[in-house]
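Structure record follows, encoded as structure tokens.
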Amino acid sequence: MAAHTVFRTVLRNEWRLLMADRPLRIALGLFALLLAYALANGVVWMRFQERTAEVARAGNVERAVAIEEELTAIENGAEPASPFSDPRRPNVLGGARGRHTAVLDPGPLTALAVGQSDLLPYYYDVNIYTNESSFHQNGEVESPLNLMVGRFDLAFLVVYLLPLLVLALSFNVLSEEHEQGTLALTLSQPVSARGVVAARLAFRALLVVGMVLAGALAGTMLAGGFGAPGRIVLWCVAVVTYTLFWFVLAAWVNSLRRSSAWNATVLVGAWLVLVVVLPAAINIAAGLLHPLPSRVEMITVQREASNEAVNRRSELLARYLEDHPEMAEGVVADEPGLGALAWAATDAVNRRLEEVTGEHDARRAEQIALVRRYRFLSPALLAQEVLTDAAGTGDARFAAFQTQVRDFAEHWRQFFVPAILADEQMSASILPNTPRFRLADETSADVTRRAGVPLALLGGLLVFVSAGAAIGLGRVRGAD
Amino acid sequence: MIRHGIRHVIRKEFTDVLRDGRFRWCSVLVGALLLVSLGHGWVQARQAQREHAAARATARDHWESQGEKNPHSAAHYGIYAFKPRLALSFVDEGVDPYTGTSVWLEAHRQNDFLLRPAQDATAAQRIGALTAAQVLQHLVPLLIILLTFGALAGERERGTLRQLLATGVGRRDLGMGKALGIAGALALLLVPAAGVGAAAIVVGSPGPAASPLSRAAVLTGVYVAYFAVFLALSMAVSAWARSTRTALVILLGVWVVNGLVAPRVAVDLSKWLHPTPSALEFAHTVEREMASGTEDIARPDRDALAESLMTQYGVDRVEDLPINEVGAYLQESEEFGNRIFDRNYGALWDTFERQGAVHETVAVAAPLLAVRALSMGLAGTDVEQHRHFATAAETYRRDLMRRMNGDLTANSRSGDFSYQAGAELWESTPPLRYDAPTLGWVLTNRLPSLVVLGTWLVVTILAAAARVRRAEVA
């Protein structure tokens, strides 16, 4: 019998067997149901974020229009509505009233993996007073309880539940034949145990992977189309690799020739260790080895710096002008205005805050480095990382957004601060020149490069279990 | 008196479990995780408590030593409040990483709690967070399932059930004996852990709480009930299932639905039934209402206020008032703002609590949700107790503003902007004193979960008794 015919025979046989097994049919049906539910959930969340991003952008336009109207009216002789919100003053125009909201659109595949997008802010109001403490704001309004539990999205389904389905489908792939006494019969045919197990698992893997990928593609279509093919490919490769890892692990355990019950216990144990225990252990180790100072300290520092700065304004201004000669144009050093003095104090507080944040971030980086170093132990951590990164809802994209907002805030200050220092008024003519935030979003190539490492590690784990399974199955003989 | 037969069954089951390699490995793993997570939680809670205490003292110091200034400037300067860690938070940190830790109490506005520890964690840390509560809620039930699924189904499969019953031991005694034997083995693991936890509270409580030991006692009771639910459920399934395989598959299915599916479905259900506004919408609403009031809440009218003050004091000009009209107006604005905040924040917190009630309702299908609510409640780390502190902080803010505006009104005259108060006023304002809710408050709040958990306990025990009585020998 030619190899491919055997394969086909096994596949056909498998389909019949599967359809005859009621518990398995129920499990597959349930999984399909949860798949649809997870997708619907993800799509709803992505739509919500898209709407919010639109509203935030509309706010920018509304504020600009209102300011332009008032400035034009003032130029035509009207009085400002209030001296405290006079849009001619640069600290009003560049301050809270004229603020610009920098928005991060939801990641292209948010519908497939909510990731960190429910916790981290995806828009920031930028004005001249934006500093490090501005980045410590809450994200979307959400009950802390809901944040704690997390969302039921496709990534959760894949990382946590899919392995359990795979194990239910494959824990007895060989042991069952043995227990029913059909193994010797099967292996008396011109087929190897390796071939039989491969064919049986290939069929089941095809079924599971096919379901998830079809779901993922449907979700992508519903949520905005295939604008990011690179990300979609990455997502799919991660799902396939992760799913195969669990199938092959089951094959390996089966090759040890123990009972089905033993296989089930060991595989559930492996799931528990790889998905729950190891990630927890790595985190606890990171927390113990590199404890993070609490952010509370930041508040104290900010207070102390501002108390001190208020008393040393003139001195600070002199130093500020020395450091930023480009901004000093038009400032008469002997008689600086109140605005200039206040700005010098603000700037001193910002510098101090940056120092504290810098120290904190360095400590945090150590903690993250430790988690990254040992993540290869857990396929779940690796898969989770690739899935959220590919979706555009991982930590890296939010960090990049924050960095760009930080740069934008600097740009914003450079636009308004010289006028504050020189005590000048602004007019409607400068409005078209006020800085606008443009996100330089990560490209597919960036994502692939970044997610390539965990994906390669996941692939390495797959190769490792494959080798184990191949060797183990090679030793299986029918007679025993 | 325990009958002879059942004593044998208990002893046999107990010894069997202890000899079982699976149990030994699993227990070592679960026990180690439990101890490590307890220790880690305790260290962290102590550190957070120390940092918060220090920050609280510094904040008070800043307030008292802010120098001479106008009371309204002091009101703008404000003070920071830091949420205390309660004594039992090291067992269950609950929603604490997802609520802010500090809030700025300043003039004119109610601020959000900022600095959520979870925002400093990576996605990997978010999925891998493991507290003692999670070990108790997820892993111990799994251990119970693995120990129990074969208790009767296994005897039946091996054909030993018939023999056992032939010795004259009743089905009821057999079932009771097996359950008690397994419970005894589990106790070997859990009683020391509870002892360590209690010792941690006595030796160095990480924070204040009303009667931490009685809270701990109730918490222990809740977990014992939860474990009993799983033990009874596993016995019932083991007595009913035709094979050990079926018993294991069904019980693992229950475990997955209880621990993985139901909690997240409850999130979506709660959001669908009780939607929250987006952060942007919420901020806009507050901003708009603060600017122009609502239908029922009018912005204070400064001229009308001045008129009524002049009538009250019998003068014709604002400058002749014996008080500062600005102070009175500031206080009126403050009270206007408070009504707007109560309306918006109150509605938001009510929505959060209604969402929490949905989670507690889903507990009808998954006992984990009832236990989790009770556990967080007793540890003082649920949404309601966060709100309790937030309310205390806001009440304190309002009192502080009233004092500042009162001093400005009473001790200066209208139009006089040079008035300055000093350390005497700052020191005369009492610091924020927070009393955590009592055990009774928590249990009243969590009554639905208590009822649901109690019902689960009764139903599963009855089911186990019924199934064991009808267990077939082959």
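Chains: A, B, ... in order of the structure tokens. Residues: from 1 per chain. Ligands: from 1, in order shown.
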
Just want the 8 Å neighbourhood of range 305-319 of chain B, counted on only C-alpha atoms, with same-chain residues fewer than 3 positions away dropped. Output as a list in words.
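Within the cut-off, the hits are Pro300, Asp301, Arg302, Pro322, Glu325, Tyr329, Arg413, Ser414 and Gly415 of chain B.
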
Non-local contacts of Ala193 in chain B (9 Å; only C-alpha atoms; under 5 positions in same chain excluded) as a ChimeraX atom specification: /B:31,34-35,38,198

With C-alpha atoms kept, could you save the residues just selected as a short mmCIF file (atom, residue, chain, number, x, y, z; two decimals), in the first residue's frame?
data_model
loop_
_atom_site.label_atom_id
_atom_site.label_comp_id
_atom_site.auth_asym_id
_atom_site.auth_seq_id
_atom_site.Cartn_x
_atom_site.Cartn_y
_atom_site.Cartn_z
CA GLY B 31 1.57 23.53 48.74
CA LEU B 34 0.45 28.39 48.23
CA LEU B 35 3.31 29.14 50.61
CA LEU B 38 1.38 33.83 50.64
CA ALA B 198 -2.79 33.20 60.70
#

**Study point:** Near-Gln137 in chain A list (10 Å; only C-alpha atoms; drop same-chain fewer than 4 positions) as a ChimeraX atom specification
**Key:** /A:120-121,124,133 /B:100,112-116,119

Dump of C-alpha atoms for the selected residues, as an mmCIF file, in the first residue's frame:
data_model
loop_
_atom_site.group_PDB
_atom_site.id
_atom_site.type_symbol
_atom_site.label_atom_id
_atom_site.label_comp_id
_atom_site.auth_asym_id
_atom_site.auth_seq_id
_atom_site.Cartn_x
_atom_site.Cartn_y
_atom_site.Cartn_z
ATOM 1 C CA LEU A 120 -3.524 51.308 28.977
ATOM 2 C CA PRO A 121 -4.567 54.789 27.811
ATOM 3 C CA TYR A 124 -3.408 61.688 25.842
ATOM 4 C CA SER A 133 3.060 62.567 35.689
ATOM 5 C CA GLY B 100 -5.395 53.582 41.789
ATOM 6 C CA ASP B 112 -9.694 59.972 39.995
ATOM 7 C CA PHE B 113 -7.517 57.542 41.880
ATOM 8 C CA LEU B 114 -4.264 57.326 39.956
ATOM 9 C CA LEU B 115 -1.243 55.012 39.809
ATOM 10 C CA ARG B 116 -2.622 51.558 39.126
ATOM 11 C CA GLN B 119 -0.232 49.556 34.491
#

Per DSSP on the backbone, what are the alpha helix (DSSP H) residues of range 12-225 of chain A, as a PyMOL selection string? chain A and resi 12-20+22-75+90-93+144-149+154-156+162-170+175-180+183-188+193-222

May I have the residues of chain A within 6 Å of chain B, counting only C-alpha atoms, written as a short mmCIF file (atom, residue, chain, number, x, y, z; two decimals) with N, CA and C atoms, in the first residue's frame?
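out-v1.cif, written as the output of this step:
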data_model
loop_
_atom_site.label_atom_id
_atom_site.label_comp_id
_atom_site.auth_asym_id
_atom_site.auth_seq_id
_atom_site.Cartn_x
_atom_site.Cartn_y
_atom_site.Cartn_z
N GLU A 140 -9.30 53.53 29.76
CA GLU A 140 -10.74 53.58 29.55
C GLU A 140 -11.48 53.37 30.88
N VAL A 141 -12.67 53.95 31.00
CA VAL A 141 -13.50 53.73 32.19
C VAL A 141 -13.89 52.25 32.21
N SER A 143 -14.79 48.90 35.18
CA SER A 143 -14.81 48.44 36.56
C SER A 143 -13.51 47.69 36.85
N PRO A 144 -12.87 47.98 38.00
CA PRO A 144 -11.63 47.28 38.33
C PRO A 144 -11.81 45.76 38.34
N LEU A 145 -13.01 45.34 38.71
CA LEU A 145 -13.29 43.89 38.74
C LEU A 145 -13.18 43.31 37.34
N ASN A 146 -13.76 44.01 36.35
CA ASN A 146 -13.70 43.53 34.97
C ASN A 146 -12.28 43.54 34.45
N ARG A 151 -10.82 40.00 29.41
CA ARG A 151 -11.87 39.80 28.43
C ARG A 151 -11.82 38.40 27.85
N PHE A 152 -12.95 37.95 27.35
CA PHE A 152 -13.00 36.67 26.65
C PHE A 152 -12.76 36.96 25.17
N PRO A 279 4.35 30.69 34.26
CA PRO A 279 4.24 32.15 34.17
C PRO A 279 4.17 32.80 35.56
N ALA A 280 3.42 32.15 36.46
CA ALA A 280 3.31 32.72 37.80
C ALA A 280 4.65 32.68 38.51
N ASN A 283 6.93 35.36 37.27
CA ASN A 283 6.55 36.68 37.77
C ASN A 283 6.91 36.88 39.22
#

*Once DSSP has gone over the backbone, tell me which residues of range 95-287 of chain B are in strand (DSSP E), as a PyMOL selection string.*
chain B and resi 102-106+109-110

Residue selection dump (N, CA and C atoms) as a PDB file, in the first residue's frame:
ATOM      1  N   SER B 102      -3.597  56.357  44.921  1.00  0.00           N
ATOM      2  CA  SER B 102      -3.602  57.654  45.586  1.00  0.00           C
ATOM      3  C   SER B 102      -4.498  58.631  44.842  1.00  0.00           C
ATOM      4  N   VAL B 103      -4.949  59.624  45.572  1.00  0.00           N
ATOM      5  CA  VAL B 103      -5.843  60.609  44.968  1.00  0.00           C
ATOM      6  C   VAL B 103      -5.469  61.988  45.503  1.00  0.00           C
ATOM      7  N   TRP B 104      -5.514  62.975  44.626  1.00  0.00           N
ATOM      8  CA  TRP B 104      -5.196  64.352  44.998  1.00  0.00           C
ATOM      9  C   TRP B 104      -6.492  65.039  45.418  1.00  0.00           C
ATOM     10  N   LEU B 105      -6.504  65.506  46.664  1.00  0.00           N
ATOM     11  CA  LEU B 105      -7.687  66.192  47.172  1.00  0.00           C
ATOM     12  C   LEU B 105      -7.443  67.684  47.049  1.00  0.00           C
ATOM     13  N   GLU B 106      -8.060  68.325  46.046  1.00  0.00           N
ATOM     14  CA  GLU B 106      -7.800  69.741  45.789  1.00  0.00           C
ATOM     15  C   GLU B 106      -9.122  70.480  45.635  1.00  0.00           C
ATOM     16  N   ARG B 109     -12.437  70.160  42.468  1.00  0.00           N
ATOM     17  CA  ARG B 109     -12.748  68.945  41.723  1.00  0.00           C
ATOM     18  C   ARG B 109     -12.468  67.657  42.486  1.00  0.00           C
ATOM     19  N   GLN B 110     -13.279  66.669  42.134  1.00  0.00           N
ATOM     20  CA  GLN B 110     -13.056  65.334  42.653  1.00  0.00           C
ATOM     21  C   GLN B 110     -12.188  64.619  41.630  1.00  0.00           C
TER      22      GLN B 110
END

### Task
Compile the contact shell of Pro430 in chain B as a VMD selection string: residues with an atom at most 10 Å away, counting only C-alpha atoms, same-chain residues fewer than 5 positions apart removed.
chain B and resid 60 396 399 to 400

Restricting to only C-alpha atoms, whichever of B:Leu190, B:Ala423, B:Ile6, B:Ala298 is closest to Leu165 in chain B is B:Ile6

TODO: Excluding range 441-450 of chain B and any residue of its chain fewer than 2 positions from it, enumerate the residues within 7 Å of it, using only C-alpha atoms, and give them as a ChimeraX atom specification.
DONE: /B:360,370,373-374,377-378,437-439,452-454

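Taking CA of Phe245 in chain A and CA of Ala32 in chain B as the two end points, the separation is 27.6 Å.
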
Counting only C-alpha atoms, which residue out of A:Ala467, A:His360, A:Leu162, A:Ala419 sits closest to Ala383 in chain A?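 Checking each candidate against Ala383 in chain A, we get A:Leu162 as the closest.
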
Need to verify the contact set: Val158 in chain A, 9 Å, only C-alpha atoms, exclusion of same-chain residues closer than 2 positions in sequence. Can you return it as a PDB file with N, CA and C atoms, in the first residue's frame?
ATOM      1  N   ASP A 153     -11.503  36.973  24.771  1.00  0.00           N
ATOM      2  CA  ASP A 153     -11.207  37.225  23.367  1.00  0.00           C
ATOM      3  C   ASP A 153     -10.575  35.985  22.734  1.00  0.00           C
ATOM      4  N   LEU A 154     -10.311  36.089  21.443  1.00  0.00           N
ATOM      5  CA  LEU A 154      -9.802  34.926  20.720  1.00  0.00           C
ATOM      6  C   LEU A 154      -8.438  34.499  21.267  1.00  0.00           C
ATOM      7  N   ALA A 155      -7.616  35.483  21.654  1.00  0.00           N
ATOM      8  CA  ALA A 155      -6.290  35.145  22.170  1.00  0.00           C
ATOM      9  C   ALA A 155      -6.414  34.322  23.454  1.00  0.00           C
ATOM     10  N   PHE A 156      -7.367  34.695  24.327  1.00  0.00           N
ATOM     11  CA  PHE A 156      -7.576  33.919  25.554  1.00  0.00           C
ATOM     12  C   PHE A 156      -8.007  32.497  25.200  1.00  0.00           C
ATOM     13  N   TYR A 160      -5.447  29.580  26.420  1.00  0.00           N
ATOM     14  CA  TYR A 160      -5.858  28.782  27.584  1.00  0.00           C
ATOM     15  C   TYR A 160      -6.698  27.562  27.226  1.00  0.00           C
ATOM     16  N   LEU A 161      -7.719  27.765  26.389  1.00  0.00           N
ATOM     17  CA  LEU A 161      -8.693  26.694  26.199  1.00  0.00           C
ATOM     18  C   LEU A 161      -8.336  25.745  25.063  1.00  0.00           C
ATOM     19  N   LEU A 162      -7.731  26.291  24.010  1.00  0.00           N
ATOM     20  CA  LEU A 162      -7.397  25.437  22.877  1.00  0.00           C
ATOM     21  C   LEU A 162      -6.514  24.249  23.276  1.00  0.00           C
ATOM     22  N   PRO A 163      -5.469  24.446  24.118  1.00  0.00           N
ATOM     23  CA  PRO A 163      -4.668  23.282  24.515  1.00  0.00           C
ATOM     24  C   PRO A 163      -5.517  22.199  25.169  1.00  0.00           C
ATOM     25  N   VAL A 212     -10.020  27.633  14.069  1.00  0.00           N
ATOM     26  CA  VAL A 212      -9.515  28.882  14.649  1.00  0.00           C
ATOM     27  C   VAL A 212      -9.141  29.874  13.557  1.00  0.00           C
ATOM     28  N   VAL A 239      -0.619  30.768  15.915  1.00  0.00           N
ATOM     29  CA  VAL A 239      -1.688  29.847  16.310  1.00  0.00           C
ATOM     30  C   VAL A 239      -1.343  28.419  15.879  1.00  0.00           C
ATOM     31  N   TYR A 242       1.569  26.988  17.999  1.00  0.00           N
ATOM     32  CA  TYR A 242       1.139  26.704  19.375  1.00  0.00           C
ATOM     33  C   TYR A 242       0.253  25.456  19.409  1.00  0.00           C
ATOM     34  N   THR A 243      -0.683  25.376  18.457  1.00  0.00           N
ATOM     35  CA  THR A 243      -1.580  24.217  18.436  1.00  0.00           C
ATOM     36  C   THR A 243      -0.784  22.935  18.197  1.00  0.00           C
ATOM     37  N   ALA A 383       3.226  32.428  23.137  1.00  0.00           N
ATOM     38  CA  ALA A 383       2.096  32.583  22.224  1.00  0.00           C
ATOM     39  C   ALA A 383       1.349  33.875  22.531  1.00  0.00           C
ATOM     40  N   GLN A 384       1.125  34.121  23.805  1.00  0.00           N
ATOM     41  CA  GLN A 384       0.410  35.334  24.214  1.00  0.00           C
ATOM     42  C   GLN A 384       1.128  36.576  23.687  1.00  0.00           C
TER      43      GLN A 384
END

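Shortest separation to Asp303 in chain B among B:Leu462, B:Val326, B:Val222, B:Leu233 occurs at residue B:Val326, atoms counted being only C-alpha atoms.
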